[in-house]
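Engineer: My structure file coords-v1.cif, mmCIF, C-alpha atoms, is below:
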```cif
data_model
loop_
_atom_site.label_atom_id
_atom_site.label_comp_id
_atom_site.auth_asym_id
_atom_site.auth_seq_id
_atom_site.Cartn_x
_atom_site.Cartn_y
_atom_site.Cartn_z
CA MET A 1 245.40 180.53 139.18
CA ALA A 2 243.74 177.18 139.61
CA LEU A 3 246.42 174.81 140.83
CA PHE A 4 244.52 171.75 139.72
CA SER A 5 242.83 172.94 136.57
CA LYS A 6 241.87 170.37 133.98
CA GLN A 7 244.98 171.14 131.97
CA ASN A 8 247.29 170.70 134.93
CA LYS A 9 245.63 167.44 135.84
CA GLU A 10 246.27 166.14 132.37
CA VAL A 11 249.90 167.18 132.61
CA PHE A 12 250.15 165.07 135.74
CA THR A 13 248.14 162.01 134.71
CA ASN A 14 249.16 161.68 131.07
CA PRO A 15 252.61 160.30 131.82
CA LEU A 16 250.95 157.80 134.17
CA ASN A 17 248.68 156.48 131.43
CA LEU A 18 248.88 157.03 127.72
CA ASP A 19 252.10 159.04 127.52
CA HIS A 20 253.96 156.85 130.00
CA PRO A 21 257.72 157.54 129.76
CA ILE A 22 258.74 153.88 129.73
CA LEU A 23 255.69 152.23 128.22
CA GLY A 24 254.61 154.85 125.71
CA GLN A 25 257.84 156.59 124.85
CA VAL A 26 260.24 153.74 125.77
CA LEU A 27 262.65 156.06 127.57
CA GLY A 28 264.87 155.28 130.55
CA ILE A 29 264.95 151.54 129.93
CA CYS A 30 268.61 150.99 130.79
CA SER A 31 268.44 151.85 134.47
CA ALA A 32 265.03 150.18 134.73
CA LEU A 33 266.70 146.88 133.84
CA ALA A 34 269.67 147.24 136.14
CA VAL A 35 268.21 148.17 139.51
CA THR A 36 265.10 145.98 139.63
CA ALA A 37 266.54 142.70 140.90
CA GLN A 38 265.02 143.53 144.29
CA LEU A 39 262.15 145.72 145.39
CA LYS A 40 263.94 148.05 147.81
CA PRO A 41 266.54 149.53 145.44
CA ALA A 42 263.80 149.78 142.81
CA ILE A 43 261.65 151.93 145.13
CA VAL A 44 264.56 154.15 146.15
CA MET A 45 265.64 154.56 142.54
CA GLY A 46 262.07 155.44 141.53
CA LEU A 47 261.83 158.04 144.30
CA ALA A 48 265.23 159.50 143.42
CA VAL A 49 264.28 159.90 139.78
CA THR A 50 260.90 161.42 140.73
CA VAL A 51 262.50 164.01 143.02
CA ILE A 52 265.22 164.88 140.55
CA THR A 53 262.87 165.15 137.56
CA ALA A 54 260.45 167.35 139.50
CA PHE A 55 263.06 169.76 140.84
CA ALA A 56 265.12 169.89 137.65
CA ASN A 57 261.88 170.71 135.80
CA VAL A 58 261.05 173.51 138.26
CA ILE A 59 264.55 175.02 138.21
CA ILE A 60 264.81 174.94 134.43
CA SER A 61 261.29 176.33 134.12
CA ILE A 62 262.10 179.26 136.45
CA ILE A 63 265.24 180.23 134.53
CA ARG A 64 263.92 179.23 131.11
CA ASN A 65 263.77 182.80 129.81
CA THR A 66 267.35 183.59 130.82
CA ILE A 67 268.95 180.47 129.35
CA PRO A 68 270.96 181.26 126.22
CA ASN A 69 269.54 179.09 123.48
CA ARG A 70 272.93 177.97 122.23
CA ILE A 71 274.01 176.40 125.53
CA ARG A 72 270.64 175.26 126.83
CA ILE A 73 271.56 171.54 126.88
CA VAL A 74 274.71 172.37 128.85
CA VAL A 75 272.69 174.39 131.36
CA GLN A 76 270.18 171.56 131.71
CA LEU A 77 273.00 169.09 132.28
CA VAL A 78 274.64 171.25 134.94
CA VAL A 79 271.35 171.54 136.84
CA VAL A 80 270.64 167.81 136.58
CA ALA A 81 274.20 166.84 137.50
CA ALA A 82 274.12 169.07 140.57
CA LEU A 83 270.80 167.59 141.73
CA VAL A 84 271.94 164.02 141.11
CA THR A 85 275.16 164.58 143.04
CA ILE A 86 273.22 166.00 145.97
CA VAL A 87 270.80 163.05 145.99
CA SER A 88 273.68 160.60 145.75
CA GLN A 89 275.43 162.26 148.71
CA ILE A 90 272.23 162.19 150.75
CA LEU A 91 271.75 158.50 149.98
CA LYS A 92 275.32 157.78 151.06
CA ALA A 93 274.69 159.57 154.34
CA PHE A 94 271.22 158.23 155.19
CA ALA A 95 270.75 154.99 153.22
CA TYR A 96 274.24 153.59 152.80
CA ASP A 97 273.21 150.00 152.00
CA VAL A 98 270.87 151.11 149.25
CA SER A 99 273.44 153.46 147.77
CA VAL A 100 275.92 150.57 147.60
CA GLN A 101 273.29 148.43 145.87
CA LEU A 102 272.44 151.16 143.38
CA SER A 103 276.16 151.83 142.89
CA VAL A 104 276.78 153.60 139.60
CA TYR A 105 273.12 153.85 138.63
CA VAL A 106 272.46 156.85 140.85
CA GLY A 107 275.14 158.76 138.98
CA LEU A 108 273.73 157.53 135.72
CA ILE A 109 270.42 159.28 136.44
CA ILE A 110 272.22 162.25 134.86
CA THR A 111 272.01 160.53 131.52
CA ASN A 112 268.48 159.19 132.05
CA CYS A 113 266.64 160.02 128.87
CA ILE A 114 263.39 160.78 130.77
CA LEU A 115 265.03 163.73 132.52
CA MET A 116 266.60 165.37 129.51
CA GLY A 117 263.49 164.64 127.50
CA ARG A 118 261.16 166.36 129.98
CA LEU A 119 263.46 169.36 130.44
CA GLU A 120 263.82 169.93 126.74
CA ALA A 121 260.24 169.12 125.76
CA PHE A 122 258.27 170.54 128.69
CA ALA A 123 260.13 172.71 131.20
CA MET A 124 261.69 174.95 128.54
CA GLN A 125 258.21 176.05 127.42
CA ASN A 126 256.07 175.93 130.53
CA LYS A 127 255.59 177.67 133.86
CA PRO A 128 257.11 176.20 137.07
CA TRP A 129 253.93 174.65 138.54
CA PRO A 130 252.88 172.61 135.48
CA SER A 131 256.54 171.68 135.05
CA PHE A 132 256.63 170.38 138.61
CA LEU A 133 253.50 168.29 138.00
CA ASP A 134 254.95 167.00 134.76
CA GLY A 135 258.17 166.00 136.52
CA VAL A 136 256.36 164.23 139.37
CA GLY A 137 254.05 162.48 136.91
CA ASN A 138 256.87 161.21 134.74
CA GLY A 139 258.96 160.22 137.75
CA LEU A 140 256.06 158.28 139.26
CA GLY A 141 255.37 156.61 135.94
CA TYR A 142 258.97 155.45 135.88
CA ALA A 143 258.85 154.41 139.55
CA MET A 144 255.65 152.42 138.93
CA ILE A 145 257.36 150.18 136.37
CA LEU A 146 260.44 149.76 138.56
CA VAL A 147 258.24 148.64 141.44
CA ILE A 148 256.21 146.20 139.32
CA VAL A 149 259.28 144.65 137.73
CA GLY A 150 261.22 144.70 141.00
CA ALA A 151 258.39 142.99 142.89
CA VAL A 152 258.00 140.22 140.30
CA ARG A 153 261.73 139.64 140.08
CA GLU A 154 262.29 139.51 143.82
CA LEU A 155 259.25 137.31 144.44
CA LEU A 156 260.11 134.74 141.78
CA GLY A 157 263.89 135.08 141.99
CA ARG A 158 264.34 135.07 145.75
CA GLY A 159 260.95 134.19 147.18
CA SER A 160 260.79 137.39 149.18
CA LEU A 161 259.54 140.97 149.06
CA LEU A 162 261.57 143.84 150.57
CA GLY A 163 263.76 141.15 152.10
CA PHE A 164 260.92 139.39 153.96
CA GLN A 165 260.35 135.80 152.95
CA ILE A 166 256.95 135.42 151.26
CA ILE A 167 257.03 131.90 149.90
CA PRO A 168 256.81 129.58 152.92
CA ASP A 169 259.47 127.01 153.70
CA ALA A 170 256.89 124.27 153.14
CA CYS A 171 256.90 125.02 149.39
CA TYR A 172 260.66 124.57 149.26
CA ASP A 173 260.26 121.23 151.05
CA PHE A 174 257.94 120.15 148.23
CA GLY A 175 260.63 120.90 145.69
CA TYR A 176 259.86 124.51 144.75
CA VAL A 177 262.99 126.24 143.51
CA ASN A 178 263.65 129.97 143.16
CA ASN A 179 264.03 130.98 139.52
CA GLY A 180 267.66 132.10 139.23
CA MET A 181 266.91 133.54 135.78
CA MET A 182 264.83 136.25 137.47
CA THR A 183 267.87 137.73 139.17
CA MET A 184 269.54 138.33 135.80
CA PRO A 185 269.03 141.66 133.98
CA ALA A 186 267.78 139.87 130.87
CA MET A 187 264.56 138.86 132.63
CA ALA A 188 263.83 142.52 133.43
CA LEU A 189 263.82 143.20 129.70
CA ILE A 190 261.30 140.43 129.12
CA LEU A 191 259.12 141.62 132.03
CA VAL A 192 259.17 145.23 130.80
CA GLY A 193 258.20 143.86 127.39
CA CYS A 194 255.21 142.06 128.92
CA VAL A 195 254.11 145.21 130.76
CA ILE A 196 254.37 147.24 127.55
CA TRP A 197 252.30 144.61 125.75
CA VAL A 198 249.51 144.74 128.36
CA HIS A 199 249.61 148.53 128.45
CA ARG A 200 249.35 148.91 124.69
CA ALA A 201 246.67 146.28 124.31
CA TYR A 202 244.57 148.16 126.87
CA PHE A 203 245.13 151.77 125.82
CA TYR A 204 245.06 151.37 122.08
CA LYS A 205 241.76 149.58 122.26
CA GLU A 206 240.35 152.48 124.27
CA LYS A 207 241.57 154.98 121.74
CA MET B 1 262.47 196.02 130.60
CA SER B 2 264.69 196.15 127.58
CA LYS B 3 265.10 192.77 125.98
CA LEU B 4 268.48 191.24 126.82
CA ASN B 5 270.27 189.60 123.96
CA THR B 6 270.63 186.13 125.45
CA ASN B 7 272.63 184.91 122.48
CA SER B 8 275.56 187.30 122.70
CA ASN B 9 278.90 185.74 123.57
CA ALA B 10 279.44 187.97 126.59
CA TYR B 11 276.05 186.99 128.04
CA ILE B 12 276.72 183.28 127.50
CA ILE B 13 280.13 183.44 129.20
CA ILE B 14 278.87 185.42 132.19
CA TYR B 15 275.77 183.24 132.49
CA SER B 16 277.67 179.97 132.49
CA THR B 17 280.30 181.30 134.91
CA ILE B 18 277.70 182.39 137.45
CA LEU B 19 275.80 179.13 137.09
CA VAL B 20 278.88 176.99 137.62
CA VAL B 21 280.04 179.03 140.63
CA ILE B 22 276.62 178.70 142.29
CA VAL B 23 276.53 174.96 141.66
CA ALA B 24 280.11 174.51 142.90
CA PHE B 25 279.35 176.28 146.19
CA LEU B 26 276.17 174.29 146.63
CA LEU B 27 277.89 170.95 146.08
CA ALA B 28 280.82 171.85 148.32
CA PHE B 29 278.39 172.79 151.07
CA VAL B 30 276.39 169.55 150.76
CA TYR B 31 279.57 167.49 150.71
CA GLN B 32 280.93 169.15 153.84
CA ALA B 33 277.64 168.92 155.68
CA LEU B 34 277.14 165.21 155.00
CA LYS B 35 280.76 164.03 155.24
CA PRO B 36 280.73 162.98 158.93
CA MET B 37 277.63 160.82 158.43
CA GLN B 38 279.09 159.21 155.31
CA ASP B 39 282.37 158.44 157.07
CA ALA B 40 280.45 156.85 159.93
CA ASN B 41 278.55 154.69 157.45
CA VAL B 42 281.73 153.53 155.74
CA ALA B 43 283.34 152.72 159.10
CA LEU B 44 280.28 150.75 160.20
CA ASP B 45 280.26 148.89 156.89
CA THR B 46 283.89 147.82 157.40
CA LYS B 47 283.04 146.56 160.87
CA LYS B 48 280.08 144.63 159.50
CA GLN B 49 282.28 143.02 156.84
CA ILE B 50 284.74 141.89 159.50
CA LEU B 51 281.86 140.42 161.50
CA TYR B 52 280.62 138.64 158.34
CA SER B 53 284.02 136.97 158.01
CA LEU B 54 283.57 135.73 161.59
CA ASN B 55 280.23 134.20 160.51
CA ILE B 56 278.29 136.82 162.45
CA ARG B 57 275.70 137.97 159.94
CA ASN B 58 272.29 139.66 160.21
CA LEU B 59 273.41 142.37 162.61
CA ASP B 60 272.49 145.97 162.00
CA GLY B 61 273.58 149.40 163.16
CA ALA B 62 274.20 149.70 166.87
CA GLU B 63 274.02 145.91 167.38
CA ALA B 64 276.88 145.39 164.93
CA GLU B 65 278.82 148.19 166.60
CA ALA B 66 278.42 146.59 170.02
CA LYS B 67 279.25 143.10 168.79
CA TYR B 68 282.35 144.44 167.02
CA ALA B 69 283.58 146.11 170.18
CA GLU B 70 282.98 142.87 172.07
CA VAL B 71 284.68 140.56 169.58
CA VAL B 72 287.64 142.48 168.13
CA LYS B 73 290.45 142.89 170.62
CA ILE B 74 293.39 144.40 168.73
CA GLU B 75 293.65 146.16 165.38
CA LYS B 76 297.10 146.16 163.86
CA GLU B 77 298.64 147.25 160.60
CA ILE B 78 301.75 145.41 159.39
CA ASP B 79 303.33 146.41 156.06
CA GLY B 80 300.08 147.97 154.95
CA MET B 81 298.17 144.79 155.81
CA LYS B 82 295.41 145.20 158.31
CA MET B 83 294.93 142.45 160.87
CA TYR B 84 292.42 142.08 163.64
CA ALA B 85 292.86 139.83 166.61
CA CYS B 86 289.43 138.62 167.69
CA GLU B 87 287.83 136.33 170.20
CA VAL B 88 284.67 134.52 169.20
CA ASP B 89 283.01 132.19 171.72
CA GLY B 90 286.29 131.81 173.58
CA GLN B 91 288.19 130.97 170.41
CA GLU B 92 291.11 133.10 169.24
CA VAL B 93 290.78 134.13 165.62
CA ILE B 94 292.83 136.47 163.45
CA VAL B 95 291.06 138.33 160.66
CA VAL B 96 293.25 139.35 157.72
CA ALA B 97 292.14 142.06 155.30
CA LEU B 98 292.56 141.08 151.65
CA LYS B 99 292.85 143.27 148.57
CA GLY B 100 293.15 142.19 144.97
CA MET B 101 291.94 142.51 141.41
CA GLY B 102 288.83 140.86 139.97
CA LEU B 103 287.76 140.93 136.35
CA TRP B 104 286.49 144.49 136.03
CA GLY B 105 287.78 146.20 139.14
CA GLY B 106 289.09 145.78 142.63
CA ILE B 107 287.97 143.03 144.95
CA SER B 108 288.52 142.85 148.68
CA GLY B 109 287.70 140.59 151.54
CA TYR B 110 288.32 139.43 155.06
CA LEU B 111 289.61 135.99 155.92
CA ALA B 112 289.32 134.75 159.50
CA VAL B 113 292.01 132.27 160.53
CA ASP B 114 291.81 130.13 163.66
CA LYS B 115 294.82 129.10 165.72
CA ASP B 116 295.31 125.82 163.80
CA ASP B 117 295.80 127.91 160.64
CA LYS B 118 292.48 126.80 159.24
CA VAL B 119 289.85 129.10 157.76
CA PHE B 120 287.30 130.17 160.35
CA GLY B 121 285.21 132.21 157.95
CA ALA B 122 285.46 134.38 154.86
CA TYR B 123 283.79 137.41 153.33
CA PHE B 124 284.44 138.89 149.90
CA ASN B 125 283.41 142.17 148.37
CA HIS B 126 283.81 143.66 144.92
CA GLU B 127 283.57 147.00 143.17
CA SER B 128 282.14 146.17 139.78
CA GLU B 129 281.95 142.44 139.03
CA THR B 130 279.11 141.19 136.81
CA ALA B 131 275.82 140.80 138.68
CA GLY B 132 274.77 137.16 138.90
CA LEU B 133 278.23 135.88 137.95
CA GLY B 134 281.33 137.49 139.47
CA ALA B 135 279.21 139.35 142.01
CA GLU B 136 278.31 135.98 143.53
CA ILE B 137 281.57 136.09 145.51
CA LYS B 138 279.81 138.71 147.63
CA ASP B 139 276.16 137.69 147.31
CA ASP B 140 276.46 133.94 147.64
CA VAL B 141 276.92 133.26 151.34
CA SER B 142 277.06 129.51 150.78
CA TRP B 143 280.07 130.00 148.52
CA GLN B 144 281.87 131.97 151.22
CA GLU B 145 281.03 129.23 153.69
CA LYS B 146 282.81 126.70 151.48
CA PHE B 147 286.07 128.18 152.74
CA ILE B 148 285.36 127.22 156.35
CA GLY B 149 287.69 124.55 157.70
CA LYS B 150 290.13 124.63 154.76
CA LYS B 151 293.84 124.37 155.49
CA ILE B 152 295.75 127.52 154.56
CA PHE B 153 299.47 126.66 154.78
CA ASP B 154 301.50 123.55 154.05
CA GLU B 155 304.41 122.38 156.26
CA ASN B 156 306.82 124.84 154.62
CA GLY B 157 304.58 127.80 155.21
CA ASN B 158 303.48 128.15 151.58
CA VAL B 159 299.91 129.19 150.94
CA VAL B 160 298.01 126.17 149.66
CA LEU B 161 294.47 127.48 150.08
CA SER B 162 293.20 128.04 146.54
CA VAL B 163 290.15 128.50 144.35
CA VAL B 164 290.16 126.04 141.45
CA LYS B 165 287.90 124.69 138.71
CA LYS B 166 288.30 121.07 139.68
CA VAL B 167 288.69 120.27 143.34
CA GLU B 168 291.31 117.55 143.80
CA ASP B 169 292.22 118.15 147.41
CA PRO B 170 289.11 119.02 149.43
CA ASP B 171 291.27 119.99 152.41
CA THR B 172 292.73 123.05 150.72
CA GLN B 173 290.78 123.77 147.53
CA VAL B 174 287.49 125.57 146.96
CA ASP B 175 285.36 125.14 143.85
CA CYS B 176 285.25 128.36 141.83
CA VAL B 177 282.03 130.23 141.00
CA THR B 178 280.38 128.85 137.87
CA GLY B 179 280.58 131.34 135.01
CA ALA B 180 282.99 133.56 136.88
CA THR B 181 286.35 131.91 136.32
CA LEU B 182 288.27 135.17 136.01
CA THR B 183 286.79 136.66 139.17
CA SER B 184 287.49 133.38 140.98
CA ASN B 185 291.08 133.47 139.73
CA GLY B 186 291.25 137.00 141.17
CA VAL B 187 290.09 135.70 144.56
CA ASP B 188 292.68 132.92 144.34
CA ALA B 189 295.50 135.36 143.51
CA MET B 190 294.33 137.77 146.20
CA ILE B 191 294.46 135.07 148.89
CA LYS B 192 297.92 133.90 147.82
CA GLU B 193 299.34 137.42 147.51
CA CYS B 194 297.99 138.73 150.79
CA LEU B 195 298.69 135.69 152.94
CA LYS B 196 302.19 134.85 151.77
CA ASN B 197 303.75 137.36 154.15
CA THR B 198 301.59 136.55 157.12
CA THR B 199 303.45 133.40 158.12
CA LYS B 200 306.61 135.39 158.73
CA GLU B 201 304.68 137.87 160.81
CA LYS B 202 303.36 135.07 162.96
CA GLU B 203 306.82 133.67 163.56
CA ASP B 204 308.19 137.09 164.45
#
```
If you convert what's in this file into C-alpha cells, what do you get?
Structural biologist:
Amino acid sequence: MALFSKQNKEVFTNPLNLDHPILGQVLGICSALAVTAQLKPAIVMGLAVTVITAFANVIISIIRNTIPNRIRIVVQLVVVAALVTIVSQILKAFAYDVSVQLSVYVGLIITNCILMGRLEAFAMQNKPWPSFLDGVGNGLGYAMILVIVGAVRELLGRGSLLGFQIIPDACYDFGYVNNGMMTMPAMALILVGCVIWVHRAYFYKEK
Amino acid sequence: MSKLNTNSNAYIIIYSTILVVIVAFLLAFVYQALKPMQDANVALDTKKQILYSLNIRNLDGAEAEAKYAEVVKIEKEIDGMKMYACEVDGQEVIVVALKGMGLWGGISGYLAVDKDDKVFGAYFNHESETAGLGAEIKDDVSWQEKFIGKKIFDENGNVVLSVVKKVEDPDTQVDCVTGATLTSNGVDAMIKECLKNTTKEKED
C-alpha cells in the first residue's frame, strides 16, 4: 500500500544507524578489511554487496512460501551464488581493473555473513518490497564503512583519494612520509574498531 | 488452493532440480553474452603489461592500444616462450614473457632486453602473493625499475641476472623485496628458468 510507510522507513534506516550490520551486529568484517586499501575498490565492493543483498532479498522473499524448509539454506546459497557470479562476470567485462584488484573477494561475497543473515532473518518472513529496502539499507550500511575506512587508508597510506594526489608535493619536501602501515590489512581492523567505538558511544548514549 | 506439502521428498527433489536448471541457463547466458568483452579486456591488459615492461606506464584504453601497435613490431612464440620484438625511441628491444612460481601461486612478468643484453625494463605480476609483502613485486614500480641497466648474461651465455638478499655485484644483482624472500626467490628462479634458453635462440 504505502511504499514509504513508517514501518518501511524503519526497515531501511535501521541498518544505517542502530542496527548497522558491521557496527551493531559485527557481520561481514573479513571482506571489509581486505578491500579497503584504496577508495575505488571499496566503493565498487560496497555497490556490489548492496545490489546483491537487495536482489537476493527480493528473490528469496518472492519464493519464500515455496521453499522447502529443510533445504532453505541451500536454496538461499544457490540464489546468492548465481547473483554473485553474474556480478563478477559483469565487473570483468566492464571494470576489469577493479575486478583484478578485488580478485577473490567478489567471489567471497557468497559467504558474506550480512547476506545470509538478511536472507534468513528478514527475507524469509517478509514481503518483497520491505525485503528490498532491508537489503539496500544493509548494503549501504556496509558500503558506508568500506568508504570511510578506504578513504582514511588511501589518504594516509598513499596521500591520494581515488588515485588523485591530495597531499601536495610541498609536504613531502618538508619530510612528510606516507604511512606504510595504512596499506596493511591490520590497520583496517584498528580503523573499524575506532568507527565502532564512536558509533556505540553516540547511539548508546541516545538510547 | 490446496496446501502443497513443501517438505515431501518428491517436492524437494523437483524444486531443487528446477532451481538449478534455471540458474545454470542464466549463468551460461550471461557468460556467453559477456565473453567477447572479457576477452578484449584480458588482451588489452596483456598489452599494457608489455608496455609497462618498456617503461611506458600511465596509458589507458585506446591510447595503450595505439602505442602498442606503434611499438611492438613482431610477436613470436618459440618453444612456448612468447617474445616480442619492439622499437622504442629508435632503440631495438626484445620483450620476453616470463612465467614462474611465487610463494602462494603463479607469478609472471615481462622483461625487456636491449641489444647489449642489458635490462631495458621489467614488469612483474602475481596471482595471489601477500598484499604489502610479496605483492610488492607488482605494486612497487621503483623495485621493478631497479632491474634497469643490469647485465643479464655472462661471457659463456649463462644467466647471471639475479635477485638476492645481499647485493655483491651491482651490475647483475637486484636487492630482494623486504619481507618477501620466498616471492623474490620465485622471481629469481623465474628469470633464470625462462631466460636460459633464449641465448641459443638468439644465436640461431
Engineer: So that I can check the surroundings of A:Arg72, please list as number ranges by chain every protein, DNA and RNA residue that reaches within 12 Å of it, counting all atoms listed in the file and ignoring chain neighbours fewer than 3 positions away.
Structural biologist: A: 60-61, 63-69, 75-79, 116, 119-120, 123-124; B: 6-7, 12, 15-16
Engineer: Just the selected residues (C-alpha atoms), exported as a compact mmCIF listing (two decimals), keeping the file's coordinate frame, please.
Structural biologist:
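Written file, again.txt:
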```txt
# COMPACT_ATOMS: atom_id res chain seq x y z
CA ILE A 60 264.81 174.94 134.43
CA SER A 61 261.29 176.33 134.12
CA ILE A 63 265.24 180.23 134.53
CA ARG A 64 263.92 179.23 131.11
CA ASN A 65 263.77 182.80 129.81
CA THR A 66 267.35 183.59 130.82
CA ILE A 67 268.95 180.47 129.35
CA PRO A 68 270.96 181.26 126.22
CA ASN A 69 269.54 179.09 123.48
CA VAL A 75 272.69 174.39 131.36
CA GLN A 76 270.18 171.56 131.71
CA LEU A 77 273.00 169.09 132.28
CA VAL A 78 274.64 171.25 134.94
CA VAL A 79 271.35 171.54 136.84
CA MET A 116 266.60 165.37 129.51
CA LEU A 119 263.46 169.36 130.44
CA GLU A 120 263.82 169.93 126.74
CA ALA A 123 260.13 172.71 131.20
CA MET A 124 261.69 174.95 128.54
CA THR B 6 270.63 186.13 125.45
CA ASN B 7 272.63 184.91 122.48
CA ILE B 12 276.72 183.28 127.50
CA TYR B 15 275.77 183.24 132.49
CA SER B 16 277.67 179.97 132.49
```
Engineer: Which residues of chain A have any atom within 9 Å of an atom in chain B when counting all atoms listed in the file, and what is the closest pair of atoms for each, with the distance in Å to one decimal? Order the rows by chain and rising number and write it as CSV.
Structural biologist:
```
residue,atom,partner,partner_atom,distance
A:Asn65,CA,B:Thr6,CA,8.8
A:Thr66,CA,B:Thr6,CA,6.8
A:Ile67,CA,B:Thr6,CA,7.1
A:Pro68,CA,B:Thr6,CA,4.9
A:Asn69,CA,B:Asn7,CA,6.7
A:Arg70,CA,B:Asn7,CA,7.0
A:Ile71,CA,B:Ile12,CA,7.7
A:Val74,CA,B:Ser16,CA,8.9
A:Val75,CA,B:Ser16,CA,7.6
A:Val78,CA,B:Val20,CA,7.6
A:Val79,CA,B:Val23,CA,7.9
A:Ala82,CA,B:Val23,CA,6.5
A:Leu83,CA,B:Leu27,CA,9.0
A:Thr85,CA,B:Leu27,CA,7.6
A:Ile86,CA,B:Val30,CA,6.8
A:Gln89,CA,B:Tyr31,CA,7.0
A:Ile90,CA,B:Leu34,CA,7.2
A:Lys92,CA,B:Gln38,CA,5.9
A:Ala93,CA,B:Gln38,CA,4.5
A:Phe94,CA,B:Met37,CA,7.6
A:Ala95,CA,B:Asn41,CA,8.9
A:Tyr96,CA,B:Asn41,CA,6.4
A:Asp97,CA,B:Asp45,CA,8.7
A:Ser103,CA,B:Ser128,CA,8.8
A:Gly180,CA,B:Gly132,CA,8.7
A:Thr183,CA,B:Gly132,CA,6.9
A:Met184,CA,B:Gly132,CA,6.2
A:Pro185,CA,B:Ala131,CA,8.3
```
Engineer: Find the residues with any atom within 12 Å of (264.1, 160.3, 142.9); use all atoms listed in the file and the coordinates as given in the file, and write the answer as an NGL selection string.
Structural biologist: :A and (41-56 or 80 or 83-88 or 90-91 or 105-107 or 109-110 or 112 or 115 or 135-143 or 146)
Engineer: Skip A:Cys30 itself and residues of its chain fewer than 3 positions away, then list as a ChimeraX atom specification all residues within 12 Å of it, counting only C-alpha atoms.
Structural biologist: /A:22,26-27,33-36,105,108-109,111-114,142,146,185-186,188-189,192
Engineer: Which is closer to A:Val147 than all the others in A:Leu39, A:Ile166, A:Val195, A:Ile62, using only C-alpha atoms?
Structural biologist: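 Residue with the minimum atom-to-atom distance to A:Val147: A:Leu39.
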Engineer: Where does the PyMOL selection byres ((chain B and resi 162) around 9) land in this file, that is, which residues does it pick, as a list of chain:residue names?
Structural biologist: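 In the shown coordinates, the PyMOL selection byres ((chain B and resi 162) around 9) covers B:Ile152, B:Val159, B:Val160, B:Leu161, B:Val163, B:Val164, B:Thr172, B:Gln173, B:Val174, B:Asp175, B:Asn185, B:Val187, B:Asp188, B:Ala189, B:Ile191, B:Lys192.
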Engineer: Would you compute the distance between atom CA of B:Met101 and atom CA of B:Tyr52? Give it in Å to one decimal.
Structural biologist: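 Between atom CA of B:Met101 and atom CA of B:Tyr52 the gap is 20.7 Å.
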Engineer: Please write as a PDB file with C-alpha atoms, keeping the file's coordinate frame the full residue list that the PyMOL selection byres ((chain A and resi 128) around 8) yields on this file.
Structural biologist:
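And here is the file that came out, selection.pdb:
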```
ATOM      1  CA  ASN A  57     261.880 170.710 135.800  1.00  0.00           C
ATOM      2  CA  VAL A  58     261.050 173.510 138.260  1.00  0.00           C
ATOM      3  CA  ILE A  59     264.550 175.020 138.210  1.00  0.00           C
ATOM      4  CA  SER A  61     261.290 176.330 134.120  1.00  0.00           C
ATOM      5  CA  ILE A  62     262.100 179.260 136.450  1.00  0.00           C
ATOM      6  CA  ALA A 123     260.130 172.710 131.200  1.00  0.00           C
ATOM      7  CA  ASN A 126     256.070 175.930 130.530  1.00  0.00           C
ATOM      8  CA  LYS A 127     255.590 177.670 133.860  1.00  0.00           C
ATOM      9  CA  TRP A 129     253.930 174.650 138.540  1.00  0.00           C
ATOM     10  CA  PRO A 130     252.880 172.610 135.480  1.00  0.00           C
ATOM     11  CA  SER A 131     256.540 171.680 135.050  1.00  0.00           C
ATOM     12  CA  PHE A 132     256.630 170.380 138.610  1.00  0.00           C
TER      13      PHE A 132
END
```
Engineer: What is the distance, in Å and to one decimal place, between atom CA of B:Asp89 and atom CA of B:Ala112?
Structural biologist: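 Interatomic distance, atom CA of B:Asp89 to atom CA of B:Ala112: 14.0 Å.
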Engineer: Distance atom CA of A:Ile167-atom CA of B:Thr130, one decimal place?
Structural biologist: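 Computing it gives 27.3 Å between the two atoms.
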Engineer: Given the PyMOL selection byres ((chain B and resi 108) around 6) and the file above, list the residues it selects as a list of chain:residue names.
Structural biologist: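 Matching residues under the PyMOL selection byres ((chain B and resi 108) around 6) are B:Leu98, B:Lys99, B:Gly100, B:Ile107, B:Gly109, B:Phe124, B:Asn125.
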Engineer: Residues within 10 Å of A:Gly159, please, as a list in words. Count all atoms listed in the file; anything in the same chain fewer than 2 positions from it doesn't count.
Structural biologist: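 The residues that qualify are Val152, Arg153, Glu154, Leu155, Leu156, Gly157, Leu161, Gly163, Phe164, Gln165, Ile166, Ile167, Pro168, Asp169, Tyr172, Val177, Asn178 and Asn179 of chain A.
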Engineer: Residues as selected, C-alpha atoms, written as an mmCIF file, in the coordinates of the input, can you do that?
Structural biologist:
```
data_model
loop_
_atom_site.group_PDB
_atom_site.id
_atom_site.type_symbol
_atom_site.label_atom_id
_atom_site.label_comp_id
_atom_site.auth_asym_id
_atom_site.auth_seq_id
_atom_site.Cartn_x
_atom_site.Cartn_y
_atom_site.Cartn_z
ATOM 1 C CA VAL A 152 258.000 140.220 140.300
ATOM 2 C CA ARG A 153 261.730 139.640 140.080
ATOM 3 C CA GLU A 154 262.290 139.510 143.820
ATOM 4 C CA LEU A 155 259.250 137.310 144.440
ATOM 5 C CA LEU A 156 260.110 134.740 141.780
ATOM 6 C CA GLY A 157 263.890 135.080 141.990
ATOM 7 C CA LEU A 161 259.540 140.970 149.060
ATOM 8 C CA GLY A 163 263.760 141.150 152.100
ATOM 9 C CA PHE A 164 260.920 139.390 153.960
ATOM 10 C CA GLN A 165 260.350 135.800 152.950
ATOM 11 C CA ILE A 166 256.950 135.420 151.260
ATOM 12 C CA ILE A 167 257.030 131.900 149.900
ATOM 13 C CA PRO A 168 256.810 129.580 152.920
ATOM 14 C CA ASP A 169 259.470 127.010 153.700
ATOM 15 C CA TYR A 172 260.660 124.570 149.260
ATOM 16 C CA VAL A 177 262.990 126.240 143.510
ATOM 17 C CA ASN A 178 263.650 129.970 143.160
ATOM 18 C CA ASN A 179 264.030 130.980 139.520
#
```
Engineer: Closest to A:Asn14 among A:Ile145, A:Leu133, A:Ala201, A:Val104, using all atoms listed in the file?
Structural biologist: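 For A:Asn14, the nearest of the candidates is A:Leu133.
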Engineer: Nearest to B:Lys48 among B:Met81, B:Ala135, B:Tyr110, B:Leu195, with distances taken over only C-alpha atoms: which residue is it?
Structural biologist: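 Closest candidate: B:Tyr110.
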Engineer: Counting all atoms listed in the file, select every polymer residue within 12 Å of (279.3, 134.9, 148.3) as defined in the file's coordinates, and provide the selection as number ranges by chain.
Structural biologist: B: 52-53, 109, 121-126, 131-147, 176-177, 183-184, 187
